[in-house]
Amino acid sequence: MRNKRRNQFGNRAAATAALLGLCAAGVIGVSVYAAQAVRTQSDPAAQDTVQNAAEQSGEPQEEERTLMVSDLSGQSADLDGAGETARTASGDDGIAAEEARETAQETGTAEARSGAASEDTASRGSFAGEAADQLLPEQKALLREYMERYYESLSELEPRELSDLFTQTEEAAQQVLMNGSAISYVTGLRAMQNTDLSLADYRYEMDVTQVSTAADGTVEISMTETSTQNFAQHPEVDTQLYNIRHYFVMRETEDGWRIEEHLQRDGFYWRLLGNYWNWEGRELDVPEPETYFAQRVDTLLEEARAGRDQRLEEVEESAVSAQHPYLRDEAVAYSDTWVGTRNTQWSDFTGRGGNCQNFVSQCLLAGGIPMDSQGAAVWSWNSEADSTTSWINVNEFYRYVRENEGYGLAASGDAPYYEGERGDLIRMGSEGNWNHIVIIAEVVRDEDGNTVDYLINSNTSDLKNFPVSAYPDPQQRLMKIYGWNEN
């Protein structure tokens with residue numbers, strides 16, 4: 001499979017991430033109050049500054065927050081562990097929407113679906129950006145139809161048919177195979193988890209950044225997607241995904257506009273295609289696609305299954321003590337603020353290897369953990385020219401956690417996976433190549449109080465309240481934060 005068309009969003013960030021052990025694309029920053037307050041930990045007034053700022057954020061300061069979810073039989077959920085009955089995503093509107101989708105599915109063709117469910121579809125998806133005005137109504141309808149089938153696949157955890165949306169050429173058939181394989185990977189991963197990761201609802205906006213017509217009449221479209229998704233395990237929580245980039249090529253045929261190519265930039269496509277994506281030449285070169293994609297999806301799902309089972313294994317945790325507590329609510333409040341946006345007080349490494357560790361380091365700082373420039377193991381940031389690699393690199397931060405003694409962060413780099421709390425960290429990757437890290441925003445528990453999942457916040461990719469079990473990275477390790485020591 002050889003696709004030589006220029007990829008509008010391809011760049012070298014992902015390749016750089018693989019080499020440097022960083023993450024691959026997103027957003028970050030640190031608030032001035034957190035930076036100033038935590039830099040002077042010994043000053044009680046500085047501690048008060050952090051506390052006052054957190055109180056202004058509306059986050060509870062003492063009460064442990066957990067998210068209770070229904071079991072597989074669909075019982076109601078509780079938020080914050082305080083006995084409050086969660087809102088449910090039911091009602092006449094939900095029933096009507098479901099009936100509309102079922103009717104559209106029975107109709108089969110893109111044209112019939114766009115007519116049968118146009119009102120429901122339009123309310124779920126929208127187009128923005130100046131370039132959106134360059135799209136014809138028929139082109140928007142085709143793009144919206146593709147996105148609807150993608151999201152319906154996530155709602156049902158069953159891949160929807162895509163072939164009737166594409167042109168009837170050999171190259172387009174390979175594109176159908178590629179995109180269908182990506183959807184099979186996403187739905188297969190979510191279906192194997194211990195909680196219900198089907199979607200109860202979703203909304204998305206496509207920011208159209210470029211529309212151009214080639215000499216052969218094809219139309220090339222670049223878009224950035226921002227979505228809100230509500231998972232069935234916690235339908236009252238808005239999970240937000242930012243800056244997912246899409247590249248479409250479409251052509252007008254006798255049957256109307258059809259897609260020739262589509263690629264989206266996220267972790268699932270990267271893991272599916274990474275070995276065959278030539279970032280420098282902007283080319284896709286997959287040998288024997290029919291065999292490759294089927295085997296690759298099977299391999300990825302087997303890795304995911306092994307990772308899921310490994311998280312249940314017991315881990316011996318070394319004893320860790322801290323003289324000063326970790327301000328978990330402040331750290332999470334900070335993470336909530338800086339997903340999907342930037343704080344210009346700090347450098348942003350988006351497009352330069354990724355911003356995930358930089359983001360997490362700043363969250364720890366906001367949570368009262370002081371920078372550490374003492375001893376052999378160090379973790380600090382003053383500027384890009386005056387900082388430690390452990391501030392921005394996941395592998396090096398893990399090394400700091402393991403080797404630090406005396407002053408600074410007190411943490412366990414390998415804690416029992418399901419003993420995490422708000423503000424703890426989860427790193428992802430493999431031994432020697434930990435390339436992503438996230439912060440726990442909420443603990444998800446079943447009706448018996450057992451931890452079954454975490455909702456996380458992250459940069460590159462930018463995700464808010466996202467279930468970590470839905471991540472494409474199979475190897476995940478809990479990093480337990482206890483606080484910090486003066487000596």
# chains A, B, ... in the order shown; residues from 1 in each chain; ligands from 1
$ select_by_dssp --residues "range 448-487 of chain A" --states "strand (DSSP E or B)" --output "number ranges by chain"
A: 451-458, 462-467, 476-485
$ residues_around --residues "range 411-417 of chain A" --least-positions-apart "2" --cutoff "10 Å" --atoms "only C-alpha atoms" --output "short mmCIF file (atom, residue, chain, number, x, y, z; two decimals) with all heavy atoms, in the first residue's frame"
data_model
loop_
_atom_site.label_atom_id
_atom_site.label_comp_id
_atom_site.auth_asym_id
_atom_site.auth_seq_id
_atom_site.Cartn_x
_atom_site.Cartn_y
_atom_site.Cartn_z
N GLN A 310 -1.84 -7.91 33.55
CA GLN A 310 -0.66 -7.61 34.36
C GLN A 310 -0.96 -6.58 35.44
O GLN A 310 -0.39 -6.62 36.52
CB GLN A 310 0.47 -7.10 33.46
CG GLN A 310 1.79 -6.89 34.18
CD GLN A 310 2.89 -6.44 33.24
OE1 GLN A 310 2.67 -5.57 32.41
NE2 GLN A 310 4.07 -7.02 33.39
N ARG A 311 -1.90 -5.69 35.18
CA ARG A 311 -2.23 -4.67 36.17
C ARG A 311 -2.89 -5.26 37.41
O ARG A 311 -2.98 -4.60 38.46
CB ARG A 311 -3.15 -3.61 35.55
CG ARG A 311 -2.43 -2.80 34.46
CD ARG A 311 -3.21 -1.58 34.06
NE ARG A 311 -4.32 -1.84 33.16
CZ ARG A 311 -4.24 -1.89 31.84
NH1 ARG A 311 -3.06 -1.74 31.25
NH2 ARG A 311 -5.31 -2.10 31.10
N LEU A 312 -3.35 -6.50 37.31
CA LEU A 312 -3.96 -7.18 38.45
C LEU A 312 -2.93 -7.89 39.32
O LEU A 312 -3.24 -8.32 40.44
CB LEU A 312 -4.99 -8.20 37.97
CG LEU A 312 -6.23 -7.63 37.26
CD1 LEU A 312 -7.05 -8.76 36.64
CD2 LEU A 312 -7.08 -6.81 38.21
N GLU A 313 -1.71 -8.02 38.83
CA GLU A 313 -0.68 -8.74 39.56
C GLU A 313 -0.22 -7.94 40.77
O GLU A 313 -0.20 -6.71 40.77
CB GLU A 313 0.51 -9.03 38.64
CG GLU A 313 0.18 -9.95 37.48
CD GLU A 313 1.36 -10.16 36.55
OE1 GLU A 313 2.43 -9.58 36.83
OE2 GLU A 313 1.21 -10.90 35.57
N GLU A 314 0.16 -8.67 41.82
CA GLU A 314 0.64 -8.02 43.03
C GLU A 314 2.03 -7.45 42.81
O GLU A 314 2.86 -8.04 42.12
CB GLU A 314 0.65 -9.01 44.20
CG GLU A 314 -0.73 -9.49 44.61
CD GLU A 314 -0.69 -10.39 45.83
OE1 GLU A 314 0.43 -10.60 46.35
OE2 GLU A 314 -1.75 -10.87 46.26
N VAL A 315 2.27 -6.29 43.41
CA VAL A 315 3.56 -5.62 43.30
C VAL A 315 4.06 -5.32 44.70
O VAL A 315 3.31 -4.81 45.54
CB VAL A 315 3.44 -4.31 42.49
CG1 VAL A 315 4.77 -3.56 42.49
CG2 VAL A 315 2.98 -4.60 41.08
N GLU A 316 5.32 -5.67 44.98
CA GLU A 316 5.91 -5.34 46.26
C GLU A 316 6.37 -3.89 46.24
O GLU A 316 7.19 -3.50 45.42
CB GLU A 316 7.08 -6.26 46.57
CG GLU A 316 6.67 -7.70 46.83
CD GLU A 316 7.84 -8.55 47.30
OE1 GLU A 316 8.91 -7.95 47.60
OE2 GLU A 316 7.70 -9.77 47.37
N GLU A 317 5.83 -3.11 47.15
CA GLU A 317 6.13 -1.69 47.20
C GLU A 317 7.07 -1.40 48.36
O GLU A 317 6.84 -1.84 49.48
CB GLU A 317 4.84 -0.88 47.35
CG GLU A 317 5.06 0.62 47.33
CD GLU A 317 3.76 1.37 47.52
OE1 GLU A 317 2.75 0.73 47.85
OE2 GLU A 317 3.76 2.61 47.35
N SER A 318 8.15 -0.67 48.08
CA SER A 318 9.08 -0.30 49.13
C SER A 318 8.45 0.77 50.02
O SER A 318 7.62 1.56 49.58
CB SER A 318 10.38 0.23 48.51
OG SER A 318 10.11 1.33 47.66
N ALA A 319 8.85 0.77 51.29
CA ALA A 319 8.31 1.73 52.24
C ALA A 319 8.78 3.14 51.90
O ALA A 319 9.97 3.37 51.67
CB ALA A 319 8.73 1.35 53.65
N VAL A 320 7.85 4.09 51.87
CA VAL A 320 8.17 5.48 51.57
C VAL A 320 7.51 6.35 52.63
O VAL A 320 6.34 6.17 52.96
CB VAL A 320 7.66 5.89 50.17
CG1 VAL A 320 7.97 7.36 49.91
CG2 VAL A 320 8.28 5.01 49.08
N SER A 321 8.26 7.30 53.16
CA SER A 321 7.70 8.22 54.14
C SER A 321 7.94 9.65 53.67
O SER A 321 8.88 9.93 52.92
CB SER A 321 8.35 8.01 55.51
OG SER A 321 9.75 8.24 55.44
N ALA A 322 7.07 10.55 54.10
CA ALA A 322 7.17 11.95 53.71
C ALA A 322 6.94 12.84 54.91
O ALA A 322 6.02 12.61 55.70
CB ALA A 322 6.17 12.27 52.61
N PHE A 397 12.47 11.16 34.67
CA PHE A 397 11.67 11.42 35.87
C PHE A 397 11.51 10.14 36.68
O PHE A 397 11.61 10.16 37.91
CB PHE A 397 10.30 11.98 35.49
CG PHE A 397 9.39 12.17 36.66
CD1 PHE A 397 9.61 13.21 37.57
CD2 PHE A 397 8.32 11.32 36.88
CE1 PHE A 397 8.77 13.39 38.67
CE2 PHE A 397 7.48 11.49 37.97
CZ PHE A 397 7.71 12.53 38.87
N TYR A 398 11.27 9.02 36.01
CA TYR A 398 11.16 7.73 36.70
C TYR A 398 12.46 7.41 37.43
O TYR A 398 12.45 6.92 38.57
CB TYR A 398 10.81 6.65 35.69
CG TYR A 398 10.72 5.25 36.25
CD1 TYR A 398 10.05 4.99 37.44
CD2 TYR A 398 11.31 4.19 35.57
CE1 TYR A 398 9.97 3.70 37.94
CE2 TYR A 398 11.23 2.90 36.06
CZ TYR A 398 10.57 2.66 37.25
OH TYR A 398 10.49 1.38 37.74
N ARG A 399 13.59 7.71 36.78
CA ARG A 399 14.88 7.49 37.43
C ARG A 399 15.00 8.36 38.69
O ARG A 399 15.48 7.90 39.73
CB ARG A 399 16.01 7.83 36.46
CG ARG A 399 17.41 7.53 37.03
CD ARG A 399 18.47 8.17 36.14
NE ARG A 399 18.38 7.69 34.79
CZ ARG A 399 18.95 6.59 34.33
NH1 ARG A 399 19.68 5.86 35.17
NH2 ARG A 399 18.82 6.23 33.08
N TYR A 400 14.55 9.63 38.58
CA TYR A 400 14.59 10.52 39.75
C TYR A 400 13.74 9.96 40.89
O TYR A 400 14.17 9.94 42.05
CB TYR A 400 14.10 11.91 39.35
CG TYR A 400 13.84 12.82 40.54
CD1 TYR A 400 14.89 13.33 41.29
CD2 TYR A 400 12.54 13.15 40.91
CE1 TYR A 400 14.66 14.16 42.39
CE2 TYR A 400 12.28 13.97 42.00
CZ TYR A 400 13.35 14.47 42.74
OH TYR A 400 13.11 15.27 43.83
N VAL A 401 12.55 9.49 40.58
CA VAL A 401 11.67 8.93 41.61
C VAL A 401 12.34 7.76 42.31
O VAL A 401 12.29 7.63 43.55
CB VAL A 401 10.33 8.50 40.98
CG1 VAL A 401 9.51 7.67 41.97
CG2 VAL A 401 9.54 9.72 40.52
N ARG A 402 12.98 6.89 41.56
CA ARG A 402 13.61 5.70 42.14
C ARG A 402 14.86 6.03 42.96
O ARG A 402 15.13 5.37 43.98
CB ARG A 402 13.97 4.70 41.05
CG ARG A 402 12.77 3.98 40.42
CD ARG A 402 13.23 2.99 39.38
NE ARG A 402 13.85 3.67 38.24
CZ ARG A 402 14.96 3.27 37.64
NH1 ARG A 402 15.61 2.21 38.09
NH2 ARG A 402 15.42 3.91 36.61
N GLU A 403 15.63 7.02 42.53
CA GLU A 403 16.94 7.25 43.11
C GLU A 403 16.98 8.38 44.13
O GLU A 403 17.97 8.51 44.87
CB GLU A 403 17.97 7.53 42.01
CG GLU A 403 18.14 6.36 41.05
CD GLU A 403 19.14 6.65 39.94
OE1 GLU A 403 19.67 7.79 39.91
OE2 GLU A 403 19.40 5.74 39.12
N ASN A 404 15.95 9.20 44.20
CA ASN A 404 16.02 10.35 45.08
C ASN A 404 16.03 9.94 46.54
O ASN A 404 15.23 9.10 46.97
CB ASN A 404 14.85 11.30 44.82
CG ASN A 404 15.00 12.59 45.61
OD1 ASN A 404 16.05 13.22 45.57
ND2 ASN A 404 13.95 12.99 46.33
N GLY A 408 13.34 16.62 48.76
CA GLY A 408 12.58 16.54 47.52
C GLY A 408 11.46 15.52 47.55
O GLY A 408 10.98 15.09 48.61
N LEU A 409 11.02 15.12 46.37
CA LEU A 409 9.87 14.25 46.19
C LEU A 409 10.04 12.90 46.88
O LEU A 409 11.09 12.26 46.78
CB LEU A 409 9.65 14.01 44.68
CG LEU A 409 8.53 13.05 44.29
CD1 LEU A 409 7.17 13.61 44.67
CD2 LEU A 409 8.59 12.77 42.78
N GLU A 419 -4.21 0.86 43.67
CA GLU A 419 -4.19 1.58 44.95
C GLU A 419 -3.94 3.06 44.74
O GLU A 419 -3.52 3.77 45.66
CB GLU A 419 -3.14 0.97 45.88
CG GLU A 419 -3.48 -0.45 46.31
CD GLU A 419 -2.48 -1.03 47.30
OE1 GLU A 419 -1.60 -0.26 47.77
OE2 GLU A 419 -2.58 -2.23 47.60
N GLY A 420 -4.23 3.56 43.54
CA GLY A 420 -3.99 4.97 43.23
C GLY A 420 -5.02 5.89 43.84
O GLY A 420 -6.14 5.50 44.18
N ASP A 424 -2.11 10.97 41.91
CA ASP A 424 -1.05 10.02 41.58
C ASP A 424 -0.84 9.98 40.06
O ASP A 424 -1.65 10.51 39.29
CB ASP A 424 -1.39 8.62 42.10
CG ASP A 424 -1.21 8.51 43.61
OD1 ASP A 424 -0.42 9.30 44.17
OD2 ASP A 424 -1.86 7.65 44.23
N LEU A 425 0.24 9.34 39.64
CA LEU A 425 0.63 9.35 38.24
C LEU A 425 0.61 7.94 37.66
O LEU A 425 0.80 6.97 38.38
CB LEU A 425 2.03 9.94 38.08
CG LEU A 425 2.31 11.28 38.79
CD1 LEU A 425 3.77 11.67 38.60
CD2 LEU A 425 1.37 12.36 38.31
N ILE A 426 0.38 7.86 36.36
CA ILE A 426 0.50 6.59 35.65
C ILE A 426 1.43 6.82 34.45
O ILE A 426 1.18 7.71 33.64
CB ILE A 426 -0.86 6.08 35.16
CG1 ILE A 426 -1.77 5.78 36.36
CG2 ILE A 426 -0.69 4.83 34.29
CD1 ILE A 426 -3.18 5.37 35.98
N ARG A 427 2.50 6.05 34.40
CA ARG A 427 3.40 6.14 33.25
C ARG A 427 3.12 4.99 32.30
O ARG A 427 2.62 3.93 32.70
CB ARG A 427 4.86 6.13 33.70
CG ARG A 427 5.38 4.80 34.18
CD ARG A 427 6.85 4.88 34.60
NE ARG A 427 7.38 3.58 34.93
CZ ARG A 427 7.20 2.94 36.07
NH1 ARG A 427 6.49 3.50 37.03
NH2 ARG A 427 7.72 1.73 36.27
N THR A 451 -11.53 -0.31 43.30
CA THR A 451 -11.07 0.51 42.19
C THR A 451 -11.07 -0.33 40.92
O THR A 451 -10.48 -1.40 40.88
CB THR A 451 -9.66 1.05 42.46
OG1 THR A 451 -9.69 1.88 43.62
CG2 THR A 451 -9.17 1.87 41.27
N ASP A 453 -11.00 1.55 37.65
CA ASP A 453 -10.44 2.37 36.57
C ASP A 453 -10.06 3.73 37.16
O ASP A 453 -10.36 4.03 38.32
CB ASP A 453 -11.47 2.55 35.45
CG ASP A 453 -10.83 2.83 34.09
OD1 ASP A 453 -9.60 3.05 34.03
OD2 ASP A 453 -11.56 2.84 33.08
N GLN A 476 1.12 -0.06 31.67
CA GLN A 476 0.82 1.08 32.53
C GLN A 476 1.27 0.76 33.95
O GLN A 476 1.03 -0.34 34.45
CB GLN A 476 -0.68 1.40 32.52
CG GLN A 476 -1.24 1.68 31.13
CD GLN A 476 -2.74 1.93 31.14
OE1 GLN A 476 -3.37 1.98 32.21
NE2 GLN A 476 -3.33 2.07 29.97
N ARG A 477 1.92 1.73 34.61
CA ARG A 477 2.43 1.53 35.96
C ARG A 477 2.01 2.71 36.84
O ARG A 477 2.11 3.86 36.43
CB ARG A 477 3.96 1.42 35.97
CG ARG A 477 4.50 0.27 35.14
CD ARG A 477 4.20 -1.08 35.78
NE ARG A 477 4.87 -2.15 35.04
CZ ARG A 477 4.36 -2.76 33.98
NH1 ARG A 477 3.16 -2.41 33.53
NH2 ARG A 477 5.02 -3.72 33.38
N LEU A 478 1.58 2.41 38.05
CA LEU A 478 1.18 3.45 38.99
C LEU A 478 2.41 4.00 39.71
O LEU A 478 3.25 3.26 40.21
CB LEU A 478 0.20 2.88 40.03
CG LEU A 478 -0.25 3.88 41.11
CD1 LEU A 478 -1.14 4.95 40.51
CD2 LEU A 478 -0.96 3.15 42.24
N MET A 479 2.49 5.34 39.76
CA MET A 479 3.52 6.03 40.53
C MET A 479 2.81 6.75 41.68
O MET A 479 2.06 7.70 41.46
CB MET A 479 4.29 6.99 39.64
CG MET A 479 4.91 6.31 38.43
SD MET A 479 5.81 7.41 37.32
CE MET A 479 7.30 7.70 38.27
N LYS A 480 3.08 6.30 42.89
CA LYS A 480 2.39 6.79 44.08
C LYS A 480 3.14 7.98 44.66
O LYS A 480 4.35 7.88 44.97
CB LYS A 480 2.28 5.66 45.10
CG LYS A 480 1.47 6.00 46.34
CD LYS A 480 0.00 5.93 46.03
CE LYS A 480 -0.83 6.05 47.30
NZ LYS A 480 -2.26 6.10 46.98
N ILE A 481 2.46 9.11 44.82
CA ILE A 481 3.08 10.31 45.36
C ILE A 481 2.69 10.44 46.84
O ILE A 481 1.49 10.49 47.18
CB ILE A 481 2.64 11.57 44.59
CG1 ILE A 481 2.82 11.36 43.08
CG2 ILE A 481 3.43 12.79 45.08
CD1 ILE A 481 4.23 11.09 42.64
N TYR A 482 3.68 10.52 47.73
CA TYR A 482 3.42 10.62 49.15
C TYR A 482 3.57 12.04 49.69
O TYR A 482 2.89 12.44 50.63
CB TYR A 482 4.35 9.68 49.92
CG TYR A 482 4.03 8.22 49.70
CD1 TYR A 482 4.66 7.51 48.68
CD2 TYR A 482 3.09 7.57 50.49
CE1 TYR A 482 4.36 6.18 48.47
CE2 TYR A 482 2.79 6.23 50.27
CZ TYR A 482 3.41 5.55 49.25
OH TYR A 482 3.11 4.22 49.02
N GLY A 483 4.48 12.80 49.11
CA GLY A 483 4.75 14.15 49.60
C GLY A 483 6.19 14.49 49.35
O GLY A 483 6.78 14.10 48.33
N TRP A 484 6.81 15.21 50.28
CA TRP A 484 8.22 15.57 50.10
C TRP A 484 8.92 15.68 51.44
O TRP A 484 8.28 15.80 52.48
CB TRP A 484 8.34 16.87 49.31
CG TRP A 484 7.79 18.10 49.98
CD1 TRP A 484 6.46 18.47 50.04
CD2 TRP A 484 8.53 19.12 50.66
NE1 TRP A 484 6.33 19.65 50.73
CE2 TRP A 484 7.58 20.08 51.10
CE3 TRP A 484 9.87 19.33 50.92
CZ2 TRP A 484 7.96 21.22 51.81
CZ3 TRP A 484 10.25 20.47 51.62
CH2 TRP A 484 9.30 21.40 52.06
#
$ residues_around --residues "range 326-332 of chain A" --least-positions-apart "2" --cutoff "7 Å" --atoms "only C-alpha atoms" --output "compact mmCIF listing (two decimals) with C-alpha atoms, in the first residue's frame"
# COMPACT_ATOMS: atom_id res chain seq x y z
CA ALA A 54 -7.28 25.90 45.30
CA GLU A 59 -12.29 21.83 44.52
CA GLN A 61 -9.88 20.27 50.13
CA HIS A 324 5.24 17.07 54.21
CA TYR A 334 -4.12 22.65 38.19
CA SER A 335 -4.32 19.75 35.73
CA ASP A 336 -8.00 20.49 35.07
CA CYS A 363 1.03 19.56 38.44
CA LEU A 364 3.33 18.19 41.17
CA ALA A 366 1.17 23.02 42.10
CA GLY A 367 0.56 20.18 44.59
CA GLY A 368 3.28 21.43 46.90
CA ILE A 369 6.25 19.34 45.74
CA ARG A 422 -6.31 11.55 42.89
CA GLY A 423 -3.04 13.22 41.97
CA ALA A 441 -8.15 13.12 38.19
CA TYR A 482 3.42 10.62 49.15
CA GLY A 483 4.75 14.15 49.60
$ closest_atom_pairs --of "range 263-343 of chain A" --to "range 457-475 of chain A" --cutoff "6 Å" --atoms "only C-alpha atoms" --output "CSV"
residue,atom,partner,partner_atom,distance
A:Phe268,CA,A:Pro472,CA,6.0
A:Ala304,CA,A:Pro474,CA,4.7
A:Gly307,CA,A:Pro474,CA,4.8
A:Val339,CA,A:Asp462,CA,5.8
A:Gly340,CA,A:Asp462,CA,5.8
$ closest_residue --among "A:Gly353, A:Gly180, A:Gly256, A:Gly125" --to "His436 in chain A" --atoms "only C-alpha atoms"
A:Gly353
$ closest_residue --among "A:Leu199, A:Ser126, A:Glu138, A:His262" --to "Leu162 in chain A" --atoms "only C-alpha atoms"
A:His262
$ closest_residue --among "A:Val249, A:Ala306, A:Ala200, A:Val443" --to "Thr228 in chain A" --atoms "only C-alpha atoms"
A:Ala200
$ closest_atom_pairs --of "range 222-251 of chain A" --to "range 189-198 of chain A" --cutoff "10 Å" --atoms "only C-alpha atoms" --output "CSV"
residue,atom,partner,partner_atom,distance
A:Gln229,CA,A:Ser198,CA,9.9
A:Asn230,CA,A:Ser198,CA,8.6
A:Phe231,CA,A:Leu197,CA,5.6
A:Ala232,CA,A:Ser198,CA,5.6
A:Gln233,CA,A:Asp196,CA,5.0
A:His234,CA,A:Asp196,CA,8.8
A:Pro235,CA,A:Ser198,CA,10.0
$ select_by_dssp --residues "range 148-310 of chain A" --states "helix (DSSP H, G or I)" --output "JSON, numbers by chain"
{"A": [148, 149, 150, 151, 152, 153, 154, 155, 156, 163, 164, 165, 170, 171, 172, 173, 174, 175, 176, 177, 178, 179, 180, 181, 182, 183, 184, 185, 186, 187, 188, 189, 190, 191, 267, 268, 269, 270, 271, 272, 273, 274, 275, 276, 289, 290, 291, 292, 293, 294, 295, 296, 297, 298, 299, 300, 301, 302, 303, 304, 305, 306, 307, 308, 309, 310]}
$ closest_residue --among "A:Trp381, A:His246, A:Gly188, A:Ala214" --to "Glu302 in chain A" --atoms "only C-alpha atoms"
A:Gly188
$ closest_residue --among "A:Asp201, A:Val378, A:Ile437, A:Thr299" --to "Glu148 in chain A" --atoms "only C-alpha atoms"
A:Asp201
$ atom_distance --atom1 "CA of Leu143 in chain A" --atom2 "CA of Ser184 in chain A"
19.7 Å
$ closest_residue --among "A:Trp270, A:Trp434, A:Phe248, A:Tyr407" --to "Trp379 in chain A" --atoms "only C-alpha atoms"
A:Tyr407
$ residues_around --residues "Ala182 in chain A" --least-positions-apart "5" --cutoff "9 Å" --atoms "only C-alpha atoms" --output "PyMOL selection string"
chain A and resi 177+187+268-269+272+293+297
$ atom_distance --atom1 "CA of Gln139 in chain A" --atom2 "CA of Arg265 in chain A"
21.0 Å
